[in-house]
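Source file: query-v8.cif. Holds: mmCIF, C-alpha atoms.
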```cif
data_my_file
loop_
_atom_site.label_atom_id
_atom_site.label_comp_id
_atom_site.auth_asym_id
_atom_site.auth_seq_id
_atom_site.Cartn_x
_atom_site.Cartn_y
_atom_site.Cartn_z
CA MET A 1336 -0.49 11.30 4.10
CA GLU A 1337 0.41 8.69 6.73
CA LYS A 1338 2.26 6.52 4.20
CA THR A 1339 4.58 9.27 2.94
CA PRO A 1340 8.00 8.77 4.59
CA LYS A 1341 9.57 11.78 6.32
CA SER A 1342 12.45 11.75 3.85
CA LEU A 1343 10.01 12.55 1.03
CA ARG A 1344 8.30 15.41 2.86
CA LEU A 1345 9.12 19.10 2.72
CA GLN A 1346 11.14 19.77 5.88
CA ILE A 1347 10.26 23.14 7.47
CA GLY A 1348 12.44 24.29 10.35
CA ILE A 1349 10.84 26.61 12.92
CA PHE A 1350 13.52 28.75 14.59
CA GLY A 1351 13.49 31.60 17.07
CA ARG A 1352 14.49 32.80 20.51
CA THR A 1353 12.84 31.27 23.57
CA ASN A 1354 9.24 32.27 24.14
CA VAL A 1355 8.65 34.08 20.85
CA GLY A 1356 5.75 31.73 20.14
CA LYS A 1357 7.26 29.01 17.96
CA SER A 1358 5.07 26.27 19.39
CA SER A 1359 1.96 28.47 19.30
CA PHE A 1360 2.65 29.19 15.64
CA LEU A 1361 2.94 25.46 14.90
CA ASN A 1362 -0.32 24.82 16.74
CA MET A 1363 -2.02 27.52 14.69
CA VAL A 1364 -0.83 26.03 11.39
CA ALA A 1365 -1.84 22.51 12.45
CA GLY A 1366 -5.17 23.68 13.83
CA GLN A 1367 -4.57 21.65 16.99
CA ASP A 1368 -2.27 21.52 20.01
CA VAL A 1369 0.69 19.49 18.78
CA ALA A 1370 3.34 21.30 20.81
CA ILE A 1371 3.41 22.23 24.49
CA THR A 1372 3.02 25.97 25.00
CA SER A 1373 3.70 27.96 28.15
CA PRO A 1374 4.60 31.53 29.16
CA VAL A 1375 7.68 30.06 30.83
CA PRO A 1376 10.69 30.47 28.51
CA GLY A 1377 12.25 27.28 27.19
CA THR A 1378 9.23 24.99 27.37
CA THR A 1379 10.21 23.17 24.17
CA THR A 1380 13.08 21.00 25.35
CA ASP A 1381 13.74 19.08 22.12
CA VAL A 1382 12.90 19.23 18.46
CA VAL A 1383 9.18 18.51 18.07
CA GLU A 1384 8.23 16.98 14.72
CA LYS A 1385 4.75 17.49 13.31
CA VAL A 1386 3.91 15.50 10.20
CA MET A 1387 0.92 16.77 8.24
CA GLU A 1388 -0.63 17.26 4.82
CA LEU A 1389 -0.47 20.98 4.10
CA LEU A 1390 -2.53 21.28 0.95
CA PRO A 1391 -1.88 22.37 -1.72
CA VAL A 1392 1.84 22.17 -0.88
CA GLY A 1393 1.62 18.48 0.01
CA PRO A 1394 3.19 16.30 2.72
CA VAL A 1395 5.40 18.28 5.11
CA VAL A 1396 7.26 17.93 8.39
CA PHE A 1397 7.46 20.92 10.73
CA LEU A 1398 10.55 20.85 12.97
CA ASP A 1399 9.78 22.93 16.07
CA THR A 1400 13.12 23.73 17.68
CA GLY A 1401 14.12 24.80 21.16
CA GLY A 1402 15.20 28.40 21.70
CA ILE A 1403 18.55 28.99 20.01
CA ASP A 1404 19.46 31.54 22.70
CA ASP A 1405 19.10 29.21 25.70
CA ALA A 1406 22.23 29.62 27.87
CA SER A 1407 21.51 26.94 30.50
CA THR A 1408 23.39 23.63 30.83
CA LEU A 1409 20.38 21.71 29.55
CA GLY A 1410 19.99 24.44 26.95
CA SER A 1411 23.42 23.75 25.44
CA ARG A 1412 22.32 20.25 24.44
CA ARG A 1413 19.04 21.67 23.19
CA VAL A 1414 20.86 24.22 21.04
CA GLU A 1415 23.08 21.47 19.61
CA ARG A 1416 20.01 19.52 18.51
CA THR A 1417 18.46 22.71 17.15
CA ARG A 1418 21.49 23.43 14.98
CA LYS A 1419 21.26 19.97 13.44
CA VAL A 1420 17.87 20.96 12.03
CA PHE A 1421 19.80 23.07 9.51
CA ASP A 1422 21.04 19.81 8.01
CA ARG A 1423 17.45 18.73 7.34
CA ALA A 1424 15.54 21.90 6.60
CA ASP A 1425 14.38 22.73 3.07
CA VAL A 1426 12.87 25.99 4.36
CA ILE A 1427 13.62 28.07 7.47
CA THR A 1428 10.74 29.79 9.25
CA LEU A 1429 12.14 32.34 11.71
CA ILE A 1430 9.66 33.44 14.39
CA LEU A 1431 10.14 37.02 15.59
CA GLU A 1432 8.60 39.47 18.03
CA PRO A 1433 7.66 42.96 16.81
CA ASP A 1434 10.65 45.35 16.76
CA GLN A 1435 12.96 42.74 18.30
CA TRP A 1436 16.16 41.81 16.46
CA THR A 1437 19.22 40.38 18.18
CA GLY A 1438 22.40 38.56 17.37
CA PHE A 1439 20.50 35.28 17.54
CA GLU A 1440 18.24 36.21 14.60
CA GLU A 1441 21.30 37.47 12.73
CA GLU A 1442 23.00 34.12 13.32
CA ILE A 1443 20.05 32.17 11.93
CA CYS A 1444 19.93 34.35 8.81
CA ALA A 1445 23.68 34.01 8.27
CA GLU A 1446 23.53 30.22 8.56
CA ALA A 1447 20.57 30.05 6.19
CA ALA A 1448 22.44 32.24 3.69
CA VAL A 1449 25.54 30.04 3.80
CA ARG A 1450 23.44 26.92 3.22
CA LYS A 1451 21.22 28.66 0.65
CA ILE A 1452 18.04 27.75 2.54
CA PRO A 1453 15.03 29.99 1.80
CA LEU A 1454 13.83 32.17 4.69
CA ILE A 1455 10.33 33.07 5.81
CA PHE A 1456 9.95 35.61 8.63
CA VAL A 1457 6.94 35.32 10.94
CA VAL A 1458 6.42 38.41 13.09
CA ASN A 1459 4.32 36.94 15.88
CA LYS A 1460 2.37 38.56 18.74
CA SER A 1461 1.12 41.38 16.53
CA ASP A 1462 -1.94 41.58 18.78
CA LEU A 1463 0.32 42.87 21.56
CA ARG A 1464 2.40 45.25 19.47
CA THR A 1465 2.35 46.46 15.87
CA PRO A 1466 5.76 46.16 14.17
CA GLY A 1467 7.23 49.51 13.15
CA GLY A 1468 7.93 50.58 9.58
CA SER A 1469 11.71 50.80 9.99
CA TYR A 1470 11.76 47.34 11.55
CA LEU A 1471 9.82 45.84 8.64
CA GLU A 1472 12.11 47.62 6.18
CA LYS A 1473 15.09 45.98 7.86
CA LEU A 1474 13.43 42.58 7.53
CA ARG A 1475 12.75 43.17 3.82
CA GLU A 1476 16.47 43.58 3.27
CA LYS A 1477 16.82 39.89 4.13
CA THR A 1478 13.65 38.40 2.63
CA ALA A 1479 10.47 39.56 0.91
CA ARG A 1480 8.51 36.76 2.60
CA ILE A 1481 7.19 38.31 5.82
CA LEU A 1482 4.08 37.08 7.64
CA ILE A 1483 2.65 39.27 10.40
CA CYS A 1484 0.28 37.38 12.69
CA ALA A 1485 -0.93 36.63 16.19
CA SER A 1486 -0.71 32.86 16.46
CA THR A 1487 -3.09 32.70 19.42
CA ASP A 1488 -5.83 34.56 17.51
CA ARG A 1489 -7.62 31.68 15.81
CA SER A 1490 -10.17 34.01 14.17
CA LYS A 1491 -7.46 35.07 11.68
CA ARG A 1492 -5.91 31.62 11.30
CA ASP A 1493 -7.12 30.98 7.74
CA ILE A 1494 -5.62 34.23 6.44
CA SER A 1495 -2.26 33.61 8.12
CA VAL A 1496 -2.03 29.98 7.02
CA ALA A 1497 -2.96 30.91 3.44
CA GLN A 1498 -0.13 33.45 3.36
CA LEU A 1499 2.32 30.88 4.75
CA LYS A 1500 1.25 28.36 2.10
CA GLY A 1501 1.76 30.99 -0.57
CA TYR A 1502 5.33 31.58 0.58
CA LEU A 1503 6.05 27.85 0.77
CA LEU A 1504 4.80 27.40 -2.78
CA GLU A 1505 7.26 30.11 -3.88
CA VAL A 1506 10.32 28.49 -2.33
CA CYS A 1507 9.78 24.75 -2.15
CA PRO A 1508 11.71 22.57 -4.62
CA GLU A 1509 9.84 21.73 -7.82
CA ASP A 1510 9.69 18.01 -7.06
CA PHE A 1511 7.49 18.70 -4.02
CA LEU A 1512 4.78 20.03 -6.36
CA THR A 1513 4.36 16.81 -8.30
CA ALA A 1514 1.00 16.94 -10.04
CA PRO A 1515 -1.49 14.06 -10.07
CA ALA A 1516 -2.22 12.25 -13.31
CA LEU A 1517 -4.62 14.00 -15.64
CA LEU A 1518 -7.04 11.06 -15.88
CA GLY A 1519 -5.02 7.83 -15.76
CA ASP A 1520 -5.34 7.40 -11.99
CA ILE A 1521 -9.15 7.51 -12.03
CA MET A 1522 -9.44 4.76 -14.65
CA PRO A 1523 -8.62 1.05 -14.52
CA ARG A 1524 -5.70 -0.18 -16.59
CA GLY A 1525 -7.09 -1.24 -19.96
CA GLY A 1526 -10.13 0.96 -19.43
CA LEU A 1527 -11.78 3.21 -22.02
CA ALA A 1528 -12.24 6.97 -21.91
CA VAL A 1529 -14.53 8.68 -24.41
CA LEU A 1530 -13.25 12.19 -25.20
CA ILE A 1531 -15.82 14.58 -26.65
CA ILE A 1532 -13.97 17.26 -28.59
CA PRO A 1533 -15.86 20.04 -30.37
CA ILE A 1534 -14.10 21.37 -33.45
CA ASP A 1535 -14.42 25.15 -33.12
CA PHE A 1536 -12.60 28.31 -34.10
CA GLU A 1537 -10.22 28.08 -31.12
CA ALA A 1538 -8.82 24.78 -32.40
CA PRO A 1539 -6.19 25.44 -35.10
CA LYS A 1540 -6.87 23.72 -38.41
CA GLY A 1541 -5.46 20.20 -38.43
CA ARG A 1542 -4.89 20.16 -34.67
CA ILE A 1543 -6.73 19.78 -31.37
CA ILE A 1544 -5.97 21.94 -28.36
CA LEU A 1545 -3.40 21.14 -25.67
CA PRO A 1546 -5.61 19.74 -22.83
CA GLN A 1547 -7.15 17.23 -25.21
CA VAL A 1548 -3.74 16.10 -26.47
CA GLN A 1549 -2.56 15.78 -22.86
CA ALA A 1550 -5.57 13.62 -21.98
CA ILE A 1551 -4.87 11.21 -24.86
CA ARG A 1552 -1.20 10.94 -23.90
CA ASP A 1553 -1.97 10.45 -20.20
CA ALA A 1554 -4.41 7.65 -20.99
CA LEU A 1555 -1.78 5.94 -23.15
CA ASP A 1556 0.85 6.32 -20.41
CA HIS A 1557 -1.49 4.54 -17.98
CA GLY A 1558 -2.35 1.68 -20.30
CA SER A 1559 -5.85 2.95 -21.08
CA MET A 1560 -7.68 3.49 -24.36
CA THR A 1561 -9.45 6.54 -25.76
CA LEU A 1562 -12.29 7.03 -28.21
CA VAL A 1563 -12.39 10.54 -29.64
CA VAL A 1564 -15.68 11.93 -31.00
CA LYS A 1565 -17.46 15.22 -31.63
CA GLU A 1566 -20.51 16.00 -29.48
CA SER A 1567 -22.81 15.30 -32.44
CA GLU A 1568 -21.49 11.72 -32.72
CA TYR A 1569 -21.29 10.93 -28.98
CA LYS A 1570 -24.68 9.24 -28.61
CA ALA A 1571 -24.06 7.05 -31.68
CA ALA A 1572 -20.60 6.11 -30.40
CA LEU A 1573 -22.05 4.91 -27.08
CA ALA A 1574 -24.55 2.73 -28.94
CA LYS A 1575 -21.71 0.97 -30.78
CA LEU A 1576 -19.83 0.05 -27.58
CA LYS A 1577 -20.37 -3.43 -26.13
CA MET A 1578 -19.68 -2.10 -22.62
CA PRO A 1579 -20.09 1.38 -21.08
CA PRO A 1580 -16.90 3.47 -20.98
CA ASN A 1581 -15.03 3.96 -17.70
CA LEU A 1582 -14.94 7.71 -18.12
CA VAL A 1583 -16.36 10.39 -20.40
CA VAL A 1584 -14.62 13.76 -20.75
CA CYS A 1585 -16.04 16.68 -22.68
CA ASP A 1586 -15.35 20.31 -23.45
CA SER A 1587 -17.08 22.44 -20.79
CA GLN A 1588 -19.14 24.24 -23.43
CA VAL A 1589 -21.16 21.07 -24.10
CA VAL A 1590 -21.28 19.74 -20.52
CA ASP A 1591 -25.08 19.96 -20.21
CA ARG A 1592 -25.57 17.93 -23.40
CA MET A 1593 -22.91 15.40 -22.40
CA VAL A 1594 -24.48 14.82 -18.97
CA ALA A 1595 -27.93 14.42 -20.50
CA GLU A 1596 -26.66 11.77 -22.93
CA THR A 1597 -24.40 9.86 -20.52
CA PRO A 1598 -26.00 6.81 -18.85
CA LYS A 1599 -26.30 6.87 -15.08
CA GLY A 1600 -23.43 5.04 -13.42
CA VAL A 1601 -20.92 6.18 -16.04
CA ARG A 1602 -18.51 8.71 -14.57
CA CYS A 1603 -18.03 11.89 -16.51
CA THR A 1604 -16.25 15.22 -16.24
CA THR A 1605 -14.73 18.01 -18.36
CA PHE A 1606 -11.21 18.77 -19.57
CA SER A 1607 -11.18 21.98 -17.54
CA ILE A 1608 -12.13 20.17 -14.34
CA LEU A 1609 -9.37 17.63 -14.95
CA LEU A 1610 -6.96 20.57 -15.20
CA SER A 1611 -8.27 22.11 -11.97
CA ARG A 1612 -6.88 19.03 -10.21
CA LEU A 1613 -3.71 18.74 -12.32
CA LYS A 1614 -2.68 22.38 -12.01
CA GLY A 1615 -4.49 23.62 -8.91
CA ASP A 1616 -6.68 22.63 -5.99
CA ILE A 1617 -9.95 21.07 -7.15
CA GLY A 1618 -11.46 21.14 -3.67
CA GLU A 1619 -10.86 24.87 -3.18
CA MET A 1620 -12.07 25.64 -6.70
CA THR A 1621 -15.24 23.58 -6.14
CA ARG A 1622 -15.89 25.64 -3.01
CA GLY A 1623 -15.35 28.80 -5.04
CA ALA A 1624 -18.08 27.87 -7.54
CA PHE A 1625 -20.69 28.25 -4.80
CA ALA A 1626 -19.85 31.96 -4.53
CA ILE A 1627 -21.78 32.42 -7.79
CA GLY A 1628 -25.00 32.09 -5.83
CA ASP A 1629 -23.96 34.96 -3.52
CA LEU A 1630 -23.29 37.49 -6.30
CA ARG A 1631 -25.21 40.77 -6.34
CA PRO A 1632 -25.76 43.42 -9.05
CA GLY A 1633 -22.62 45.47 -9.59
CA ASP A 1634 -20.24 42.92 -8.05
CA LYS A 1635 -16.91 42.60 -9.84
CA ILE A 1636 -15.61 39.30 -11.24
CA LEU A 1637 -12.12 38.61 -12.54
CA ILE A 1638 -11.85 36.27 -15.53
CA ALA A 1639 -8.24 34.99 -15.53
CA GLU A 1640 -7.01 33.52 -18.81
CA SER A 1641 -3.60 31.85 -18.85
CA CYS A 1642 -3.06 32.40 -22.57
CA SER A 1643 -3.08 35.61 -24.56
CA HIS A 1644 -5.24 35.64 -27.68
CA HIS A 1645 -7.53 37.92 -29.60
CA ALA A 1646 -11.15 37.53 -28.56
CA ILE A 1647 -13.21 35.76 -31.21
CA GLU A 1648 -16.93 35.36 -31.70
CA GLY A 1649 -18.17 33.01 -28.98
CA ASP A 1650 -14.98 33.36 -26.89
CA ILE A 1651 -15.43 31.18 -23.79
CA GLY A 1652 -14.01 33.55 -21.17
CA ARG A 1653 -15.01 36.92 -22.59
CA ILE A 1654 -18.36 36.14 -24.19
CA LYS A 1655 -19.90 32.84 -23.13
CA ILE A 1656 -19.21 32.77 -19.37
CA PRO A 1657 -20.40 36.39 -18.87
CA GLY A 1658 -23.53 35.49 -20.88
CA TRP A 1659 -24.23 32.36 -18.85
CA LEU A 1660 -23.70 34.32 -15.61
CA LYS A 1661 -26.24 36.94 -16.67
CA GLN A 1662 -28.71 34.25 -17.68
CA TYR A 1663 -28.29 32.40 -14.35
CA LEU A 1664 -28.31 35.46 -12.09
CA GLY A 1665 -30.85 37.56 -13.94
CA PHE A 1666 -28.60 40.62 -13.81
CA GLU A 1667 -25.21 41.80 -14.99
CA VAL A 1668 -22.00 41.83 -12.97
CA GLY A 1669 -18.81 43.73 -13.69
CA ILE A 1670 -16.30 41.65 -15.66
CA LYS A 1671 -12.56 42.25 -15.93
CA VAL A 1672 -10.31 39.97 -17.98
CA ALA A 1673 -6.65 39.35 -17.06
CA ALA A 1674 -4.79 37.57 -19.85
CA GLY A 1675 -1.59 35.54 -19.75
CA ARG A 1676 0.45 36.17 -16.63
CA ASP A 1677 -1.16 39.57 -16.05
CA PHE A 1678 -2.75 38.54 -12.75
CA PRO A 1679 -3.34 41.45 -10.33
CA GLU A 1680 -1.45 41.55 -7.04
CA ASP A 1681 -4.44 42.92 -5.13
CA VAL A 1682 -7.63 40.98 -5.81
CA GLN A 1683 -9.73 42.29 -2.92
CA GLU A 1684 -12.07 44.27 -5.17
CA TYR A 1685 -13.45 41.08 -6.72
CA LYS A 1686 -16.25 38.91 -5.37
CA LEU A 1687 -15.12 35.94 -7.45
CA ILE A 1688 -12.18 34.88 -9.61
CA ILE A 1689 -12.82 32.47 -12.49
CA GLN A 1690 -9.53 30.95 -13.64
CA CYS A 1691 -9.22 29.12 -16.95
CA GLY A 1692 -7.83 25.59 -17.08
CA SER A 1693 -4.26 26.92 -16.65
CA CYS A 1694 -2.85 24.77 -19.43
CA MET A 1695 -0.27 27.52 -20.13
CA LEU A 1696 0.66 28.03 -16.44
CA THR A 1697 2.81 25.88 -14.19
CA ARG A 1698 1.26 24.15 -11.22
CA ARG A 1699 3.23 26.47 -8.92
CA GLU A 1700 1.79 29.56 -10.64
CA THR A 1701 -1.79 28.31 -10.42
CA LEU A 1702 -1.46 27.31 -6.78
CA ALA A 1703 0.05 30.71 -6.00
CA ARG A 1704 -3.01 32.39 -7.53
CA ILE A 1705 -5.31 30.24 -5.44
CA GLN A 1706 -3.40 31.07 -2.25
CA ARG A 1707 -3.36 34.79 -3.07
CA ALA A 1708 -7.13 34.73 -3.51
CA LYS A 1709 -7.66 32.71 -0.34
CA GLN A 1710 -5.43 35.04 1.66
CA LYS A 1711 -7.62 37.98 0.60
CA GLY A 1712 -10.83 36.07 1.25
CA VAL A 1713 -11.82 36.01 -2.44
CA PRO A 1714 -13.42 32.77 -3.76
CA ILE A 1715 -11.75 31.28 -6.83
CA THR A 1716 -13.05 28.64 -9.22
CA ASN A 1717 -12.27 27.63 -12.81
CA TYR A 1718 -14.04 27.60 -16.15
CA GLY A 1719 -15.23 24.00 -16.03
CA LEU A 1720 -16.49 24.11 -12.45
CA CYS A 1721 -18.15 27.49 -13.03
CA ILE A 1722 -19.94 26.39 -16.20
CA SER A 1723 -21.04 23.10 -14.63
CA TYR A 1724 -22.46 24.99 -11.63
CA LEU A 1725 -24.36 27.36 -13.94
CA GLN A 1726 -25.73 24.40 -15.93
CA GLY A 1727 -26.83 22.57 -12.75
CA VAL A 1728 -24.60 19.52 -13.34
CA LEU A 1729 -21.68 20.21 -10.98
CA GLU A 1730 -22.27 17.25 -8.66
CA ARG A 1731 -22.38 14.82 -11.59
CA VAL A 1732 -19.10 15.97 -13.17
CA ILE A 1733 -17.07 15.92 -9.94
CA GLU A 1734 -18.11 12.39 -8.99
CA PRO A 1735 -14.71 10.98 -10.09
CA PHE A 1736 -12.95 13.21 -7.51
CA PRO A 1737 -13.75 12.37 -3.85
CA GLU A 1738 -12.06 15.51 -2.48
CA ALA A 1739 -14.22 17.75 -4.66
CA LEU A 1740 -17.37 15.75 -3.99
CA GLU A 1741 -16.82 16.05 -0.24
CA VAL A 1742 -16.55 19.85 -0.57
CA PHE A 1743 -19.68 19.96 -2.75
CA ARG A 1744 -21.76 18.01 -0.24
CA SER A 1745 -20.43 20.06 2.67
CA MET A 1746 -21.38 23.29 0.89
CA LYS A 1747 -24.85 21.93 0.11
CA ARG A 1748 -25.35 20.99 3.77
CA SER A 1749 -24.27 24.48 4.83
CA GLN A 1750 -26.71 26.02 2.38
CA GLY A 1751 -29.48 23.79 3.67
CA LYS A 1752 -28.82 24.78 7.27
CA ALA A 1753 -28.73 28.45 6.31
CA LEU A 1754 -32.07 28.14 4.49
CA GLY A 1755 -33.56 26.23 7.41
CA HIS A 1756 -32.40 28.87 9.89
CA HIS A 1757 -33.79 31.62 7.65
CA GLY A 1758 -37.10 29.80 7.36
CA SER A 1759 -37.42 29.41 11.12
#
```
Rendering of file as structure tokens:
Amino acid sequence: MEKTPKSLRLQIGIFGRTNVGKSSFLNMVAGQDVAITSPVPGTTTDVVEKVMELLPVGPVVFLDTGGIDDASTLGSRRVERTRKVFDRADVITLILEPDQWTGFEEEICAEAAVRKIPLIFVVNKSDLRTPGGSYLEKLREKTARILICASTDRSKRDISVAQLKGYLLEVCPEDFLTAPALLGDIMPRGGLAVLIIPIDFEAPKGRIILPQVQAIRDALDHGSMTLVVKESEYKAALAKLKMPPNLVVCDSQVVDRMVAETPKGVRCTTFSILLSRLKGDIGEMTRGAFAIGDLRPGDKILIAESCSHHAIEGDIGRIKIPGWLKQYLGFEVGIKVAAGRDFPEDVQEYKLIIQCGSCMLTRRETLARIQRAKQKGVPITNYGLCISYLQGVLERVIEPFPEALEVFRSMKRSQGKALGHHGS
């Protein structure tokens, strides 16, 4: 984060009249006091820059401007600096007060429209006054991206920040969503990856499926080598190697067997888990896997498939995962399957979302799903992480990914404290 130059960060301008809570909003997003706040209008005397890593969007710079409506002598210079932010901003965040709309807000919207800069409205101070329906309808005429919040209410911070991230993912330029490598960055140049690929009914005759092809190509692009085997030949292949491989990747359906046969000290994972990092947020999806342990009889789970296909015998999302869940939990839960891009707008009825590897979705689409779930307080994980959790091997298969391992250990500590408190 610290090494990313400002010119390569998403530039987010924060605009608004004096004392609408621009600095308080920035502090809420940052989770710390990075801007001076005061009930006295005009406290922000210059553009305040806050550089941060706003995952999963990436490196950003928030540009907290002075009030555009300041009429004082000092204010004229402040306004001039504020206007220059338009030259930098990739996104405009306009902070509003409930039911307040003046010529200053109109001016900001007009300038953003001329420059074709995406707008996000933040209706702040909702704890003091609820915005009216006609007011919100007027705002929707200018943008569909409207966040209603109280920036000083930290108890609702996570929900508000998740909604903001969702909007930023919608509007930020594609090059700000650059995905990590699939596996090349977790292997040394010249290293060897063993890819365990079952040949099943879902693999068309004469071909292997897309994630496996992508893994081979990514290894080649990074100057690494691959050895491709079926699960039945994996143990024999290891015995023929003079040195242990740098990485082993398997289909999630055989993860328990792969872990059992992989020597300690050899890093291993699954294709689906690799995709959770490539297309989504592996840390958030690791956290979501722990929600499996909190499920109760009758809870509803959404299985989200990114491709549309007819269910076959042994289908991973419709047959195997529900079966493994029942075996692990000892009871049945309600399962709904959403195929392709048929992802529900309102996900609040679900206790858990299990997303496939997203090989048919863009990174932006997958991240948007994660943010939508997070905004509604619904845990989300993916096939590989879910299956590995159910098989008791999750920690082993996320070892190559420090961000996921940190989440795993944090969740285990929290569980331990909860059990200790319960026992006392």
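Minimum distance to Leu1454 in chain A across A:Pro1632, A:Gly1348, A:Gly1438, A:Pro1546 (counting all atoms listed in the file) occurs at A:Gly1348.
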Using only C-alpha atoms, which residues of range 1650-1712 of chain A come within 12 Å of range 1391-1394 of chain A, and what is the closest atom pair for each, with the distance in Å to one decimal? Give it as JSON lines, sorted by chain and residue number.
```
{"residue": "A:Arg1698", "atom": "CA", "partner": "A:Pro1391", "partner_atom": "CA", "distance": 10.2}
{"residue": "A:Arg1699", "atom": "CA", "partner": "A:Val1392", "partner_atom": "CA", "distance": 9.2}
{"residue": "A:Thr1701", "atom": "CA", "partner": "A:Pro1391", "partner_atom": "CA", "distance": 10.5}
{"residue": "A:Leu1702", "atom": "CA", "partner": "A:Pro1391", "partner_atom": "CA", "distance": 7.1}
{"residue": "A:Ala1703", "atom": "CA", "partner": "A:Pro1391", "partner_atom": "CA", "distance": 9.6}
{"residue": "A:Arg1704", "atom": "CA", "partner": "A:Pro1391", "partner_atom": "CA", "distance": 11.6}
{"residue": "A:Ile1705", "atom": "CA", "partner": "A:Pro1391", "partner_atom": "CA", "distance": 9.4}
{"residue": "A:Gln1706", "atom": "CA", "partner": "A:Pro1391", "partner_atom": "CA", "distance": 8.8}
{"residue": "A:Lys1709", "atom": "CA", "partner": "A:Pro1391", "partner_atom": "CA", "distance": 11.9}
```
>> Residues within 10 Å of Pro1453 in chain A, please, as a PyMOL selection string. Count all atoms listed in the file; anything in the same chain fewer than 4 positions from it doesn't count.
In response: chain A and resi 1424-1428+1444+1447-1448+1478+1480+1502-1503+1505-1507
Would you write out, as a PDB file with C-alpha atoms, in the coordinates of the input, every residue that the PyMOL selection byres ((chain A and resi 1670) around 9) captures in this file?
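Done, and the output landed in result-v2.pdb:
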```
ATOM      1  CA  ASP A1634     -20.240  42.920  -8.050  1.00  0.00           C
ATOM      2  CA  LYS A1635     -16.910  42.600  -9.840  1.00  0.00           C
ATOM      3  CA  ILE A1636     -15.610  39.300 -11.240  1.00  0.00           C
ATOM      4  CA  LEU A1637     -12.120  38.610 -12.540  1.00  0.00           C
ATOM      5  CA  ILE A1638     -11.850  36.270 -15.530  1.00  0.00           C
ATOM      6  CA  ARG A1653     -15.010  36.920 -22.590  1.00  0.00           C
ATOM      7  CA  PRO A1657     -20.400  36.390 -18.870  1.00  0.00           C
ATOM      8  CA  GLU A1667     -25.210  41.800 -14.990  1.00  0.00           C
ATOM      9  CA  VAL A1668     -22.000  41.830 -12.970  1.00  0.00           C
ATOM     10  CA  GLY A1669     -18.810  43.730 -13.690  1.00  0.00           C
ATOM     11  CA  LYS A1671     -12.560  42.250 -15.930  1.00  0.00           C
ATOM     12  CA  VAL A1672     -10.310  39.970 -17.980  1.00  0.00           C
TER      13      VAL A1672
END
```
>> Evaluate the PyMOL selection byres ((chain A and resi 1607) around 10) against this structure - the residues, as an NGL selection string, please.
In response: :A and (1546-1547 or 1584-1587 or 1604-1606 or 1608-1613 or 1690-1694 or 1717-1722)
> Is there a way to get, as a PyMOL selection string, all residues within 12 Å of the point (-15.3, 17.0, -29.1) in file coordinates, counting all atoms listed in the file?
Replying inline: chain A and resi 1529-1535+1538+1543-1544+1546-1548+1562-1569+1583-1590+1592-1593+1605-1606
>> So that I can check the surroundings of Leu1630 in chain A, please list as a PyMOL selection string every protein, DNA and RNA residue that reaches within 8 Å of it, counting all atoms listed in the file and ignoring chain neighbours fewer than 3 positions away.
In response: chain A and resi 1626-1627+1634+1664+1686
Restricted to C-alpha atoms, what would the selected residues look like written as a compact mmCIF listing (two decimals), in the coordinates of the input?
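Contents of selection_9.txt, freshly written:
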```txt
# COMPACT_ATOMS: atom_id res chain seq x y z
CA ALA A 1626 -19.85 31.96 -4.53
CA ILE A 1627 -21.78 32.42 -7.79
CA ASP A 1634 -20.24 42.92 -8.05
CA LEU A 1664 -28.31 35.46 -12.09
CA LYS A 1686 -16.25 38.91 -5.37
```
